[in-house]
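The next block holds one structure in the form of structure tokens; read it before the comments.
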Amino acid sequence: MVIIGDISFPQESANDVGKRFLEVPAVPDFMTLKGPYIKGMKKEGIQVFEIYEVDKPNVAEGIEFVTNRCVSYFGIPGYTYKIDIYFEATEALKMIGLA
């Protein structure tokens, strides 16, 4: 399964976000990070998309890590985040009794 981090902030906060990014802890061994992928938008500012791959036994710990990582940016003007969990198709089928 994957944990998706969807982050945004105004362009004026880019330097502050960049500085904090250099300080955040490394991703633990039980997770794999793809990204962050960054997109600048004219009016909306900057959007960042991160994909954390994690095995089911480590999901709770993974959610806690991603949340703490996002919270470490608090205080930066305009910074917002959202975290979502997505299951692989085989995992979702098991959840509804079809696998």
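By convention here, the chains of the structure tokens are called A, B, ... in the order presented, each chain's residues are numbered starting at 1, and ligands are numbered starting at 1 in the order presented.
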
With only C-alpha atoms as the counted atoms, please give the residues lying no more than 7 Å from region 17-32 of chain A, apart from itself and same-chain residues fewer than 4 positions off, as an mmCIF file with C-alpha atoms, in the first residue's frame.
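Saved result, part13.cif, follows:
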data_model
loop_
_atom_site.group_PDB
_atom_site.id
_atom_site.type_symbol
_atom_site.label_atom_id
_atom_site.label_comp_id
_atom_site.auth_asym_id
_atom_site.auth_seq_id
_atom_site.Cartn_x
_atom_site.Cartn_y
_atom_site.Cartn_z
ATOM 1 C CA SER A 13 7.372 30.282 1.382
ATOM 2 C CA TYR A 52 5.567 6.411 0.509
ATOM 3 C CA GLU A 53 5.447 2.670 -0.122
ATOM 4 C CA VAL A 54 4.894 0.655 3.052
ATOM 5 C CA ARG A 69 7.178 14.859 8.770
ATOM 6 C CA TYR A 73 6.642 22.348 8.459
#

(message) Can you tell me, as number ranges by chain, which residues in chain A count as strand (DSSP E or B) by DSSP?
(response) A: 2-9, 31-41, 45-54, 80-86

Would you give me, as a PDB file with N, CA and C atoms, in the first residue's frame, the residues in chain A that DSSP reads as alpha helix (DSSP H)?
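Final output, saved to out28.pdb:
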ATOM      1  N   ALA A  14       8.704  29.227  -0.363  1.00  0.00           N
ATOM      2  CA  ALA A  14       9.539  28.166  -0.939  1.00  0.00           C
ATOM      3  C   ALA A  14      10.879  28.025  -0.227  1.00  0.00           C
ATOM      4  N   ASN A  15      11.544  29.117   0.083  1.00  0.00           N
ATOM      5  CA  ASN A  15      12.847  29.020   0.755  1.00  0.00           C
ATOM      6  C   ASN A  15      12.712  28.408   2.141  1.00  0.00           C
ATOM      7  N   ASP A  16      11.679  28.818   2.888  1.00  0.00           N
ATOM      8  CA  ASP A  16      11.466  28.249   4.224  1.00  0.00           C
ATOM      9  C   ASP A  16      11.184  26.749   4.139  1.00  0.00           C
ATOM     10  N   VAL A  17      10.368  26.341   3.173  1.00  0.00           N
ATOM     11  CA  VAL A  17      10.068  24.922   2.997  1.00  0.00           C
ATOM     12  C   VAL A  17      11.340  24.165   2.621  1.00  0.00           C
ATOM     13  N   GLY A  18      12.128  24.728   1.720  1.00  0.00           N
ATOM     14  CA  GLY A  18      13.370  24.085   1.308  1.00  0.00           C
ATOM     15  C   GLY A  18      14.331  23.887   2.472  1.00  0.00           C
ATOM     16  N   LYS A  19      14.445  24.883   3.326  1.00  0.00           N
ATOM     17  CA  LYS A  19      15.327  24.770   4.492  1.00  0.00           C
ATOM     18  C   LYS A  19      14.857  23.679   5.441  1.00  0.00           C
ATOM     19  N   ARG A  20      13.546  23.613   5.681  1.00  0.00           N
ATOM     20  CA  ARG A  20      13.021  22.574   6.576  1.00  0.00           C
ATOM     21  C   ARG A  20      13.190  21.194   5.961  1.00  0.00           C
ATOM     22  N   PHE A  21      13.014  21.110   4.643  1.00  0.00           N
ATOM     23  CA  PHE A  21      13.172  19.827   3.951  1.00  0.00           C
ATOM     24  C   PHE A  21      14.561  19.247   4.196  1.00  0.00           C
ATOM     25  N   VAL A  59       1.941  -0.071   8.570  1.00  0.00           N
ATOM     26  CA  VAL A  59       1.110   1.058   8.157  1.00  0.00           C
ATOM     27  C   VAL A  59       0.959   2.095   9.268  1.00  0.00           C
ATOM     28  N   ALA A  60       0.634   1.669  10.476  1.00  0.00           N
ATOM     29  CA  ALA A  60       0.427   2.633  11.568  1.00  0.00           C
ATOM     30  C   ALA A  60       1.693   3.451  11.814  1.00  0.00           C
ATOM     31  N   GLU A  61       2.825   2.776  11.846  1.00  0.00           N
ATOM     32  CA  GLU A  61       4.095   3.465  12.050  1.00  0.00           C
ATOM     33  C   GLU A  61       4.399   4.390  10.868  1.00  0.00           C
ATOM     34  N   GLY A  62       4.041   3.955   9.670  1.00  0.00           N
ATOM     35  CA  GLY A  62       4.257   4.774   8.476  1.00  0.00           C
ATOM     36  C   GLY A  62       3.404   6.031   8.488  1.00  0.00           C
ATOM     37  N   ILE A  63       2.145   5.900   8.877  1.00  0.00           N
ATOM     38  CA  ILE A  63       1.259   7.068   8.956  1.00  0.00           C
ATOM     39  C   ILE A  63       1.800   8.055   9.983  1.00  0.00           C
ATOM     40  N   GLU A  64       2.250   7.540  11.112  1.00  0.00           N
ATOM     41  CA  GLU A  64       2.810   8.405  12.150  1.00  0.00           C
ATOM     42  C   GLU A  64       4.048   9.152  11.628  1.00  0.00           C
ATOM     43  N   PHE A  65       4.920   8.440  10.905  1.00  0.00           N
ATOM     44  CA  PHE A  65       6.124   9.080  10.368  1.00  0.00           C
ATOM     45  C   PHE A  65       5.765  10.188   9.379  1.00  0.00           C
ATOM     46  N   VAL A  66       4.875   9.885   8.428  1.00  0.00           N
ATOM     47  CA  VAL A  66       4.508  10.868   7.405  1.00  0.00           C
ATOM     48  C   VAL A  66       3.830  12.072   8.055  1.00  0.00           C
ATOM     49  N   THR A  67       2.948  11.824   9.012  1.00  0.00           N
ATOM     50  CA  THR A  67       2.279  12.926   9.704  1.00  0.00           C
ATOM     51  C   THR A  67       3.285  13.802  10.432  1.00  0.00           C
ATOM     52  N   ASN A  68       4.197  13.192  11.170  1.00  0.00           N
ATOM     53  CA  ASN A  68       5.215  13.967  11.883  1.00  0.00           C
ATOM     54  C   ASN A  68       6.092  14.756  10.912  1.00  0.00           C
ATOM     55  N   ARG A  69       6.376  14.161   9.781  1.00  0.00           N
ATOM     56  CA  ARG A  69       7.178  14.859   8.770  1.00  0.00           C
ATOM     57  C   ARG A  69       6.436  16.095   8.266  1.00  0.00           C
ATOM     58  N   CYS A  70       5.152  15.959   8.003  1.00  0.00           N
ATOM     59  CA  CYS A  70       4.354  17.096   7.531  1.00  0.00           C
ATOM     60  C   CYS A  70       4.213  18.161   8.613  1.00  0.00           C
ATOM     61  N   VAL A  71       4.013  17.732   9.842  1.00  0.00           N
ATOM     62  CA  VAL A  71       3.841  18.664  10.955  1.00  0.00           C
ATOM     63  C   VAL A  71       5.116  19.480  11.194  1.00  0.00           C
ATOM     64  N   ALA A  89      -4.769  -3.292  -5.426  1.00  0.00           N
ATOM     65  CA  ALA A  89      -6.011  -3.969  -5.771  1.00  0.00           C
ATOM     66  C   ALA A  89      -6.156  -5.295  -5.010  1.00  0.00           C
ATOM     67  N   THR A  90      -5.080  -6.063  -4.899  1.00  0.00           N
ATOM     68  CA  THR A  90      -5.177  -7.344  -4.203  1.00  0.00           C
ATOM     69  C   THR A  90      -5.503  -7.144  -2.722  1.00  0.00           C
ATOM     70  N   GLU A  91      -4.953  -6.091  -2.113  1.00  0.00           N
ATOM     71  CA  GLU A  91      -5.254  -5.792  -0.711  1.00  0.00           C
ATOM     72  C   GLU A  91      -6.722  -5.399  -0.547  1.00  0.00           C
ATOM     73  N   ALA A  92      -7.203  -4.576  -1.459  1.00  0.00           N
ATOM     74  CA  ALA A  92      -8.602  -4.131  -1.394  1.00  0.00           C
ATOM     75  C   ALA A  92      -9.558  -5.320  -1.585  1.00  0.00           C
ATOM     76  N   LEU A  93      -9.222  -6.226  -2.489  1.00  0.00           N
ATOM     77  CA  LEU A  93     -10.072  -7.412  -2.709  1.00  0.00           C
ATOM     78  C   LEU A  93     -10.127  -8.283  -1.456  1.00  0.00           C
ATOM     79  N   LYS A  94      -9.005  -8.421  -0.761  1.00  0.00           N
ATOM     80  CA  LYS A  94      -8.984  -9.194   0.498  1.00  0.00           C
ATOM     81  C   LYS A  94      -9.904  -8.559   1.533  1.00  0.00           C
ATOM     82  N   MET A  95      -9.919  -7.231   1.558  1.00  0.00           N
ATOM     83  CA  MET A  95     -10.715  -6.517   2.554  1.00  0.00           C
ATOM     84  C   MET A  95     -12.211  -6.773   2.375  1.00  0.00           C
TER      85      MET A  95
END

(request) Between A:Gly35, A:Glu50, A:Asp84, A:Gly97, single out the one closest to Ile7 (chain A), counting only C-alpha atoms. (result) A:Glu50

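Atom to atom, CA of Tyr86 (chain A) and CA of Ile4 (chain A) stand 7.6 Å apart.
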
(request) Using CA of Leu33 (chain A) and CA of Asp6 (chain A) as the two end points, give the distance in Å to one decimal. (result) 13.4 Å

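With only C-alpha atoms as the atoms that count, the residue of A:Lys34, A:Gln11, A:Gly40, A:Asp55 with the shortest distance to Phe87 (chain A) is A:Asp55.
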
(request) Could you check how far CA of Ile51 (chain A) sits from CA of Ile96 (chain A), in Å to one decimal? (result) 24.7 Å
